[in-house]
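Next comes entry-v9.txt, a file with compact mmCIF, C-alpha atoms and all ligand atoms.
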```
# COMPACT_ATOMS: atom_id res chain seq x y z
CA ARG A 158 0.00 0.00 0.00
CA ARG A 159 1.38 3.42 -1.02
CA PRO A 160 1.51 6.01 1.75
CA GLY A 161 0.10 8.97 -0.22
CA LYS A 162 1.82 12.32 0.17
CA VAL A 163 4.87 12.24 2.39
CA THR A 164 6.78 15.25 3.65
CA ALA A 165 10.19 14.89 5.30
CA LEU A 166 12.25 17.38 7.30
CA ALA A 167 15.91 16.80 6.60
CA GLY A 168 19.48 17.72 7.42
CA GLY A 169 22.37 16.08 5.58
CA VAL A 170 23.95 12.68 5.99
CA GLY A 171 21.57 11.10 8.54
CA ALA A 172 18.58 12.34 6.55
CA ALA A 173 19.99 11.10 3.26
CA ARG A 174 20.43 7.60 4.67
CA LEU A 175 16.73 7.47 5.48
CA LEU A 176 15.62 9.21 2.29
CA ARG A 177 17.35 6.74 -0.03
CA GLY A 178 15.06 4.11 1.51
CA LEU A 179 12.00 6.31 1.69
CA ALA A 180 11.97 7.72 -1.85
CA PRO A 181 11.29 4.37 -3.62
CA LEU A 182 8.36 3.67 -1.24
CA VAL A 183 6.51 6.84 -2.25
CA ALA A 184 4.77 7.31 -5.59
CA ARG A 185 6.46 9.68 -8.02
CA GLY A 186 5.73 13.33 -7.26
CA GLN A 187 4.37 12.58 -3.77
CA LEU A 188 7.54 13.04 -1.72
CA THR A 189 8.57 16.53 -0.59
CA ILE A 190 11.79 17.03 1.34
CA VAL A 191 12.23 20.25 3.32
CA VAL A 192 15.95 20.74 3.85
CA ASN A 193 17.90 22.70 6.44
CA THR A 194 19.85 25.63 5.02
CA ALA A 195 21.24 27.04 8.28
CA ASP A 196 24.64 25.44 7.70
CA ASP A 197 24.93 27.00 4.25
CA ASP A 198 27.92 29.29 3.87
CA VAL A 199 30.16 31.00 1.35
CA PHE A 200 33.52 29.34 0.66
CA TYR A 201 36.06 30.73 -1.82
CA GLY A 202 33.33 33.02 -3.12
CA LEU A 203 30.88 30.16 -3.74
CA ASN A 204 27.49 29.55 -2.12
CA VAL A 205 27.53 26.08 -0.63
CA SER A 206 24.40 24.34 0.71
CA PRO A 207 25.81 21.20 2.31
CA ASP A 208 22.52 19.59 3.34
CA ILE A 209 20.76 20.21 0.02
CA ASP A 210 23.76 18.80 -1.81
CA THR A 211 23.96 15.70 0.37
CA VAL A 212 20.26 14.99 -0.15
CA LEU A 213 20.45 15.60 -3.91
CA TYR A 214 23.63 13.61 -4.48
CA THR A 215 22.29 10.71 -2.45
CA LEU A 216 18.94 10.56 -4.23
CA ALA A 217 20.74 10.88 -7.57
CA GLY A 218 22.98 7.94 -6.64
CA LEU A 219 26.09 10.12 -6.85
CA SER A 220 27.09 10.42 -3.22
CA ASP A 221 30.25 9.06 -1.72
CA PRO A 222 29.16 6.18 0.52
CA VAL A 223 32.19 6.37 2.79
CA ARG A 224 32.52 10.11 3.36
CA GLY A 225 28.77 10.71 3.26
CA TRP A 226 29.25 14.11 1.64
CA GLY A 227 30.35 15.02 -1.87
CA ILE A 228 30.40 12.99 -5.06
CA ALA A 229 31.81 9.46 -5.23
CA GLY A 230 35.16 9.29 -7.00
CA ASP A 231 35.52 13.07 -7.03
CA THR A 232 39.00 14.57 -7.12
CA PHE A 233 40.28 17.64 -5.29
CA GLN A 234 42.66 19.24 -7.75
CA ALA A 235 41.06 22.66 -7.68
CA LEU A 236 41.23 22.71 -3.90
CA GLU A 237 44.89 21.65 -4.00
CA ALA A 238 45.65 24.44 -6.47
CA LEU A 239 43.76 26.87 -4.26
CA ARG A 240 45.92 25.86 -1.34
CA GLY A 241 48.85 27.16 -3.35
CA TYR A 242 47.35 30.63 -2.90
CA GLU A 243 45.50 30.25 0.37
CA ARG A 244 47.12 27.65 2.59
CA ASP A 245 44.23 27.44 4.97
CA ALA A 246 41.51 26.16 2.61
CA TRP A 247 39.93 23.90 5.24
CA PHE A 248 36.51 23.43 3.69
CA GLN A 249 36.83 20.69 1.09
CA LEU A 250 35.03 20.94 -2.22
CA GLY A 251 35.56 18.32 -4.90
CA ASP A 252 36.16 19.16 -8.54
CA ARG A 253 32.81 17.87 -9.82
CA ASP A 254 31.07 19.15 -6.72
CA LEU A 255 32.32 22.65 -7.64
CA ALA A 256 29.96 22.70 -10.61
CA THR A 257 26.99 22.57 -8.24
CA HIS A 258 28.27 25.58 -6.29
CA LEU A 259 29.26 27.53 -9.40
CA PHE A 260 25.77 27.06 -10.84
CA ARG A 261 24.09 27.98 -7.56
CA THR A 262 26.28 31.03 -7.01
CA GLU A 263 25.82 32.39 -10.50
CA ARG A 264 22.03 32.04 -10.32
CA LEU A 265 21.81 33.52 -6.82
CA ARG A 266 23.80 36.53 -7.99
CA ALA A 267 21.37 36.96 -10.86
CA GLY A 268 18.56 37.10 -8.31
CA THR A 269 17.04 33.63 -8.69
CA PRO A 270 15.70 32.31 -5.36
CA LEU A 271 17.45 29.27 -3.87
CA SER A 272 14.24 27.23 -4.12
CA GLN A 273 14.11 27.71 -7.90
CA ILE A 274 17.80 26.91 -8.30
CA THR A 275 17.34 23.79 -6.21
CA ALA A 276 14.37 22.74 -8.36
CA LEU A 277 16.54 23.09 -11.47
CA GLN A 278 19.32 21.05 -9.90
CA THR A 279 16.85 18.41 -8.72
CA ARG A 280 15.54 18.01 -12.26
CA SER A 281 18.98 18.02 -13.88
CA LEU A 282 20.18 15.31 -11.51
CA GLY A 283 17.11 13.19 -12.28
CA VAL A 284 15.82 13.21 -8.70
CA GLY A 285 12.10 12.39 -8.54
CA ALA A 286 11.38 13.88 -5.11
CA ARG A 287 10.62 17.56 -4.60
CA VAL A 288 13.51 19.11 -2.67
CA LEU A 289 12.78 22.46 -1.01
CA PRO A 290 15.15 24.62 1.01
CA MET A 291 13.44 25.55 4.28
CA SER A 292 13.63 29.21 3.23
CA ASP A 293 14.86 31.40 0.42
CA GLU A 294 16.17 33.87 2.99
CA THR A 295 19.54 33.50 4.63
CA VAL A 296 19.51 31.73 8.01
CA ARG A 297 22.80 30.88 9.73
CA THR A 298 23.49 28.73 12.75
CA ILE A 299 25.92 30.58 15.02
CA VAL A 300 27.69 28.51 17.64
CA GLU A 301 28.89 30.20 20.81
CA THR A 302 31.61 27.99 22.19
CA THR A 303 33.85 28.30 25.22
CA GLY A 304 36.48 29.47 22.72
CA GLY A 305 34.32 32.12 21.05
CA ARG A 306 31.76 32.70 18.35
CA ARG A 307 31.89 30.35 15.36
CA SER A 308 30.00 29.81 12.17
CA PHE A 309 28.58 26.29 12.09
CA GLN A 310 31.15 24.99 9.59
CA GLU A 311 34.00 26.56 11.59
CA TYR A 312 32.74 24.74 14.67
CA LEU A 313 32.13 21.40 12.90
CA VAL A 314 34.65 21.12 10.10
CA ARG A 315 37.53 23.48 10.92
CA ASP A 316 37.55 22.88 14.69
CA ARG A 317 36.15 19.30 14.47
CA ALA A 318 33.49 20.00 17.11
CA ARG A 319 36.18 19.93 19.80
CA GLU A 320 34.97 23.05 21.57
CA THR A 321 32.15 22.99 24.10
CA VAL A 322 28.94 24.62 22.91
CA ARG A 323 27.44 27.32 25.11
CA SER A 324 24.53 28.32 22.92
CA LEU A 325 23.16 28.18 19.40
CA THR A 326 21.36 30.90 17.50
CA TYR A 327 19.67 30.62 14.14
CA GLN A 328 20.55 34.04 12.83
CA GLY A 329 17.97 35.45 10.45
CA ALA A 330 15.37 32.80 11.24
CA ARG A 331 12.87 35.13 12.83
CA GLY A 332 12.67 37.31 9.73
CA ALA A 333 12.70 34.41 7.27
CA LYS A 334 9.73 33.03 5.37
CA PRO A 335 9.25 29.35 4.56
CA ALA A 336 10.19 28.70 0.92
CA PRO A 337 7.26 28.42 -1.50
CA GLY A 338 5.57 25.05 -1.06
CA VAL A 339 6.90 24.28 2.43
CA LEU A 340 3.73 25.04 4.41
CA ALA A 341 1.46 23.45 1.79
CA ALA A 342 3.58 20.29 1.83
CA ILE A 343 3.08 20.07 5.61
CA GLU A 344 -0.65 20.75 5.37
CA GLU A 345 -1.30 18.28 2.56
CA ALA A 346 0.87 15.39 3.75
CA SER A 347 -0.55 12.12 4.95
CA VAL A 348 2.63 11.40 6.91
CA ILE A 349 5.37 13.79 8.04
CA VAL A 350 8.76 12.29 8.81
CA ILE A 351 11.49 14.02 10.79
CA ALA A 352 14.69 12.42 9.53
CA PRO A 353 17.38 11.07 11.91
CA SER A 354 19.29 14.33 11.67
CA ASN A 355 20.98 16.36 14.37
CA PRO A 356 17.98 17.86 16.22
CA LEU A 357 19.82 21.04 17.27
CA VAL A 358 21.51 22.08 14.06
CA SER A 359 19.60 20.30 11.29
CA ILE A 360 15.96 20.16 12.43
CA ALA A 361 15.68 23.05 14.92
CA PRO A 362 16.54 25.69 12.28
CA ILE A 363 13.68 24.40 10.09
CA LEU A 364 11.32 24.61 13.08
CA ALA A 365 12.59 28.14 13.77
CA VAL A 366 11.32 29.47 10.44
CA PRO A 367 8.10 31.30 11.38
CA GLY A 368 5.02 29.28 10.50
CA VAL A 369 6.66 25.87 10.25
CA ARG A 370 6.18 24.75 13.85
CA GLN A 371 2.58 25.91 13.83
CA ALA A 372 1.90 24.14 10.52
CA LEU A 373 3.32 20.91 11.97
CA ARG A 374 1.19 21.28 15.08
CA ARG A 375 -1.94 21.83 13.03
CA ALA A 376 -1.17 19.24 10.38
CA GLU A 377 -3.64 16.44 9.95
CA ALA A 378 -0.78 14.05 9.28
CA PRO A 379 1.00 12.34 12.14
CA VAL A 380 4.56 13.57 12.68
CA VAL A 381 7.00 10.65 13.04
CA ALA A 382 10.61 11.23 14.04
CA VAL A 383 13.37 8.71 13.40
CA SER A 384 15.92 8.94 16.21
CA PRO A 385 19.51 9.72 15.21
CA LEU A 386 20.71 8.16 18.47
CA ILE A 387 21.47 4.52 19.11
CA GLY A 388 21.94 3.72 22.79
CA GLY A 389 22.49 7.40 23.59
CA ARG A 390 25.12 7.91 20.91
CA PRO A 391 24.93 9.34 17.42
CA VAL A 392 26.11 7.19 14.55
CA LYS A 393 28.41 10.03 13.54
CA GLY A 394 28.92 13.64 14.57
CA PRO A 395 28.54 15.65 17.76
CA ALA A 396 24.77 15.42 18.37
CA ASP A 397 25.07 13.84 21.85
CA LYS A 398 27.75 16.29 23.01
CA MET A 399 25.72 19.25 21.77
CA MET A 400 22.50 17.92 23.30
CA ARG A 401 24.11 17.39 26.70
CA ALA A 402 25.77 20.82 26.59
CA LEU A 403 22.41 22.46 25.91
CA GLY A 404 20.46 20.50 28.49
CA VAL A 405 18.72 18.05 26.15
CA ALA A 406 19.14 14.43 27.25
CA PRO A 407 20.65 12.34 24.40
CA THR A 408 17.86 9.78 24.62
CA PRO A 409 14.53 9.20 22.87
CA LEU A 410 12.84 10.99 25.78
CA GLY A 411 15.12 14.00 25.46
CA LEU A 412 14.39 14.05 21.76
CA ALA A 413 10.63 13.82 22.39
CA ASP A 414 10.84 16.72 24.85
CA PHE A 415 12.83 18.72 22.34
CA TYR A 416 10.32 18.16 19.51
CA GLU A 417 7.57 18.73 22.02
CA ASP A 418 4.12 19.42 20.69
CA VAL A 419 4.91 18.74 17.03
CA LEU A 420 5.70 15.08 17.60
CA ASP A 421 3.27 12.13 17.52
CA ALA A 422 5.48 9.09 17.13
CA MET A 423 9.08 7.93 17.06
CA VAL A 424 11.10 5.15 15.47
CA ILE A 425 13.94 4.18 17.78
CA ASP A 426 16.68 1.61 17.81
CA THR A 427 16.22 -1.76 19.50
CA ALA A 428 19.03 -0.72 21.85
CA ASP A 429 16.62 1.90 23.22
CA ARG A 430 13.54 -0.33 23.56
CA ALA A 431 13.28 0.42 27.30
CA PHE A 432 12.04 3.89 26.25
CA VAL A 433 8.92 2.61 24.46
CA PRO A 434 6.65 2.63 27.58
CA LYS A 435 8.10 5.95 28.76
CA LEU A 436 7.34 7.51 25.39
CA GLY A 437 3.88 5.93 25.48
CA ALA A 438 3.23 7.60 28.82
CA ARG A 439 3.79 10.94 27.08
CA GLY A 440 1.47 10.07 24.23
CA ILE A 441 4.25 9.26 21.77
CA ALA A 442 3.75 5.98 19.91
CA ALA A 443 7.04 4.19 19.29
CA THR A 444 8.42 1.20 17.44
CA CYS A 445 11.91 -0.18 17.51
CA LEU A 446 14.14 -1.92 15.04
CA ASP A 447 17.78 -1.89 14.02
CA THR A 448 18.12 1.72 12.83
CA LEU A 449 21.75 1.58 11.71
CA MET A 450 21.33 2.18 7.97
CA ARG A 451 24.51 0.67 6.65
CA SER A 452 22.87 -0.63 3.49
CA LEU A 453 19.99 0.31 1.23
CA GLY A 454 18.09 -2.64 2.71
CA ARG A 455 18.39 -1.16 6.21
CA SER A 456 17.34 2.27 4.94
CA THR A 457 14.26 0.71 3.36
CA ALA A 458 13.37 -1.14 6.57
CA VAL A 459 13.65 2.03 8.69
CA ALA A 460 11.68 4.12 6.18
CA ARG A 461 8.97 1.45 6.05
CA ALA A 462 8.80 1.37 9.86
CA ALA A 463 8.27 5.15 9.92
CA LEU A 464 5.47 4.96 7.32
CA THR A 465 3.79 2.03 9.08
CA LEU A 466 3.95 3.81 12.44
CA GLY A 467 2.47 6.94 10.87
CA ALA A 468 -0.35 4.92 9.30
CA SER A 469 -1.17 3.24 12.61
CA VAL A 470 -1.30 6.58 14.44
CA ARG A 471 -3.66 7.85 11.74
CA GLU A 472 -5.89 4.79 12.04
CA GLN A 473 -6.14 5.14 15.82
CA ARG A 474 -7.09 8.78 15.42
CA ASN A 475 -9.81 7.85 12.96
CA LEU A 476 -11.13 5.22 15.36
CA ALA A 477 -11.16 7.77 18.18
CA SER A 478 -13.03 10.40 16.24
P1 LIG A 501 24.65 16.40 8.63
O1 LIG A 501 23.82 17.61 8.39
O2 LIG A 501 25.35 15.91 7.41
O3 LIG A 501 25.51 16.47 9.84
O4 LIG A 501 23.64 15.23 8.92
P2 LIG A 501 22.30 15.13 9.71
O5 LIG A 501 22.06 16.21 10.69
O6 LIG A 501 21.22 14.81 8.74
O7 LIG A 501 22.59 13.78 10.43
C1 LIG A 501 23.47 13.65 11.53
C2 LIG A 501 22.90 12.56 12.39
O8 LIG A 501 22.63 11.42 11.58
C3 LIG A 501 23.81 12.09 13.48
O9 LIG A 501 23.32 12.52 14.72
C4 LIG A 501 23.79 10.56 13.32
O10 LIG A 501 23.57 9.90 14.55
C5 LIG A 501 22.62 10.32 12.40
N1 LIG A 501 22.79 9.12 11.59
C6 LIG A 501 23.72 8.92 10.63
N2 LIG A 501 23.61 7.68 10.12
C7 LIG A 501 22.58 7.08 10.80
C8 LIG A 501 22.00 5.78 10.75
O11 LIG A 501 22.39 4.89 9.99
N3 LIG A 501 20.97 5.53 11.62
C9 LIG A 501 20.51 6.47 12.50
N4 LIG A 501 19.49 6.15 13.31
N5 LIG A 501 21.06 7.70 12.57
C10 LIG A 501 22.06 7.99 11.73
CA CA A 502 24.17 19.71 7.95
```
Please express the file's structure as structure tokens.
Amino acid sequence: RRPGKVTALAGGVGAARLLRGLAPLVARGQLTIVVNTADDDVFYGLNVSPDIDTVLYTLAGLSDPVRGWGIAGDTFQALEALRGYERDAWFQLGDRDLATHLFRTERLRAGTPLSQITALQTRSLGVGARVLPMSDETVRTIVETTGGRRSFQEYLVRDRARETVRSLTYQGARGAKPAPGVLAAIEEASVIVIAPSNPLVSIAPILAVPGVRQALRRAEAPVVAVSPLIGGRPVKGPADKMMRALGVAPTPLGLADFYEDVLDAMVIDTADRAFVPKLGARGIAATCLDTLMRSLGRSTAVARAALTLGASVREQRNLAS
């Protein structure tokens, strides 16, 4: 049974792992992916949207399975040459990957909104899902660390998330508008999936765009999150460290508290099955399975679990009303 319209909220690598399993389960044209743009930045004069690129490359079958970011088999000659001028070129961009940023930058400078550029790139790469940036306006995650104020990529990539986070701000979020289609995709969905992305820096910025949280709260569709944590630890990246530093427990319960009133259900790892009754007590339906998506097969299983959980929440609601 096809799930109807599905809308996903996504960051980068964790999201992409789920989406490669989810996309084939949804009929063509029925999947909308709303992607975080708060870790976008300008490098070497080029506009880079890391999460959009990771999602697009993955769905196009181009992504590097080991690194998780960039294009498989890409080379880094341009970056090497750049290092001849600017020794400290710490943000890596592959040679083929550069084409994506050149195209985006040129169009942005000509005044084309990011959402339209992304639509063109989605089509050119042969991706069947609709990929929307959360906003066409600039939003930037700023990380205050014990060492000072950092852009998100400085914190994550340059400083390898070594510094302790004091606070996060999503600069520009309050004045931003959801990109065209974002609110409608939330309203019209039959299931909404929050990908297993970093809640603080991938999902929270999307929720911070005015109107998004409210649309999720009002949506008819159940909102199902897939946990990025397995036994209290992320598969990759600093999510647990950041969560602890900001007073969010790195557990399914902490995640449920963080997503608060937008959340209806959660897919968690078998390692965390003790949380199922605790989530239930808060009105959050939960299922568990092995959520480590090391293969396409695992991605499919986790995506199917999220859709099934969403459908069962919907059925129970229908019974109750
Ligand atoms: P980024 O923007 O590229 O850093 O990626 P995201 O924010 O989308 O994803 C980062 C999160 O993905 C981390 O917290 C990881 O724990 C999570 N993640 C990565 N791979 C997997 C996986 O196979 N299973 C689960 N459950 N989470 C994963
Ligand atoms: Ca990201």
Contacts to ligand LIG 501 (chain A) at 6 Å cut-off (all atoms listed in the file) as an mmCIF file with C-alpha atoms, in the frame of the given file:
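So pocket.cif came out as:
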```
data_model
loop_
_atom_site.group_PDB
_atom_site.id
_atom_site.type_symbol
_atom_site.label_atom_id
_atom_site.label_comp_id
_atom_site.auth_asym_id
_atom_site.auth_seq_id
_atom_site.Cartn_x
_atom_site.Cartn_y
_atom_site.Cartn_z
ATOM 1 C CA GLY A 168 19.480 17.720 7.420
ATOM 2 C CA GLY A 169 22.370 16.080 5.580
ATOM 3 C CA VAL A 170 23.950 12.680 5.990
ATOM 4 C CA GLY A 171 21.570 11.100 8.540
ATOM 5 C CA ALA A 172 18.580 12.340 6.550
ATOM 6 C CA ASP A 208 22.520 19.590 3.340
ATOM 7 C CA PRO A 353 17.380 11.070 11.910
ATOM 8 C CA SER A 354 19.290 14.330 11.670
ATOM 9 C CA ASN A 355 20.980 16.360 14.370
ATOM 10 C CA SER A 359 19.600 20.300 11.290
ATOM 11 C CA SER A 384 15.920 8.940 16.210
ATOM 12 C CA PRO A 385 19.510 9.720 15.210
ATOM 13 C CA LEU A 386 20.710 8.160 18.470
ATOM 14 C CA PRO A 391 24.930 9.340 17.420
ATOM 15 C CA VAL A 392 26.110 7.190 14.550
ATOM 16 C CA LYS A 393 28.410 10.030 13.540
ATOM 17 C CA GLY A 394 28.920 13.640 14.570
ATOM 18 C CA ALA A 396 24.770 15.420 18.370
ATOM 19 C CA THR A 448 18.120 1.720 12.830
ATOM 20 C CA LEU A 449 21.750 1.580 11.710
ATOM 21 C CA MET A 450 21.330 2.180 7.970
ATOM 22 C CA ARG A 451 24.510 0.670 6.650
#
```
Kindly list the centre and edge lengths in Å, rounded to one decimal, for the axis-aligned box that covers all listed atoms of region 436-445 of chain A plus 5 Å on each of its six sides, as AutoDock Vina command-line options.
```
--center_x 6.7 --center_y 5.4 --center_z 23.1 --size_x 20.4 --size_y 21.1 --size_z 21.4
```
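The gap separating CA of Ala468 (chain A) from CA of Gly388 (chain A) is 26.1 Å, in Å to one decimal.
Residues in contact with Gly467 (chain A) at 8 Å, where all atoms listed in the file are counted and same-chain residues fewer than 2 positions away are skipped, are listed as Val348, Ile349, Ala378, Pro379, Val380, Val381, Ala422, Ala463, Leu464, Thr465, Ser469, Val470 and Arg471 of chain A.
Proximity ranking of A:Leu182, A:Leu239, A:Met399, A:Ala372 relative to Ala318 (chain A) places A:Met399 first, based on only C-alpha atoms.
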| said: Taking (11.8, 36.0, 9.1) in the coordinates of the supplied file, I want to know which residues reach to within 9 Å of it, counting all atoms listed in the file; could you give the answer as number ranges by chain? | reply: A: 294, 296, 329-335, 366-367
Do you know which residues are at most 7 Å from Ala195 (chain A) counting only C-alpha atoms, after dropping those on the same chain fewer than 6 positions away, and could you put them as number ranges by chain?
A: 296-298, 362
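CA of Val183 (chain A) sits 7.6 Å away from CA of Lys162 (chain A).
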A straight line from CA of Arg375 (chain A) to CA of Gly437 (chain A) spans 21.0 Å
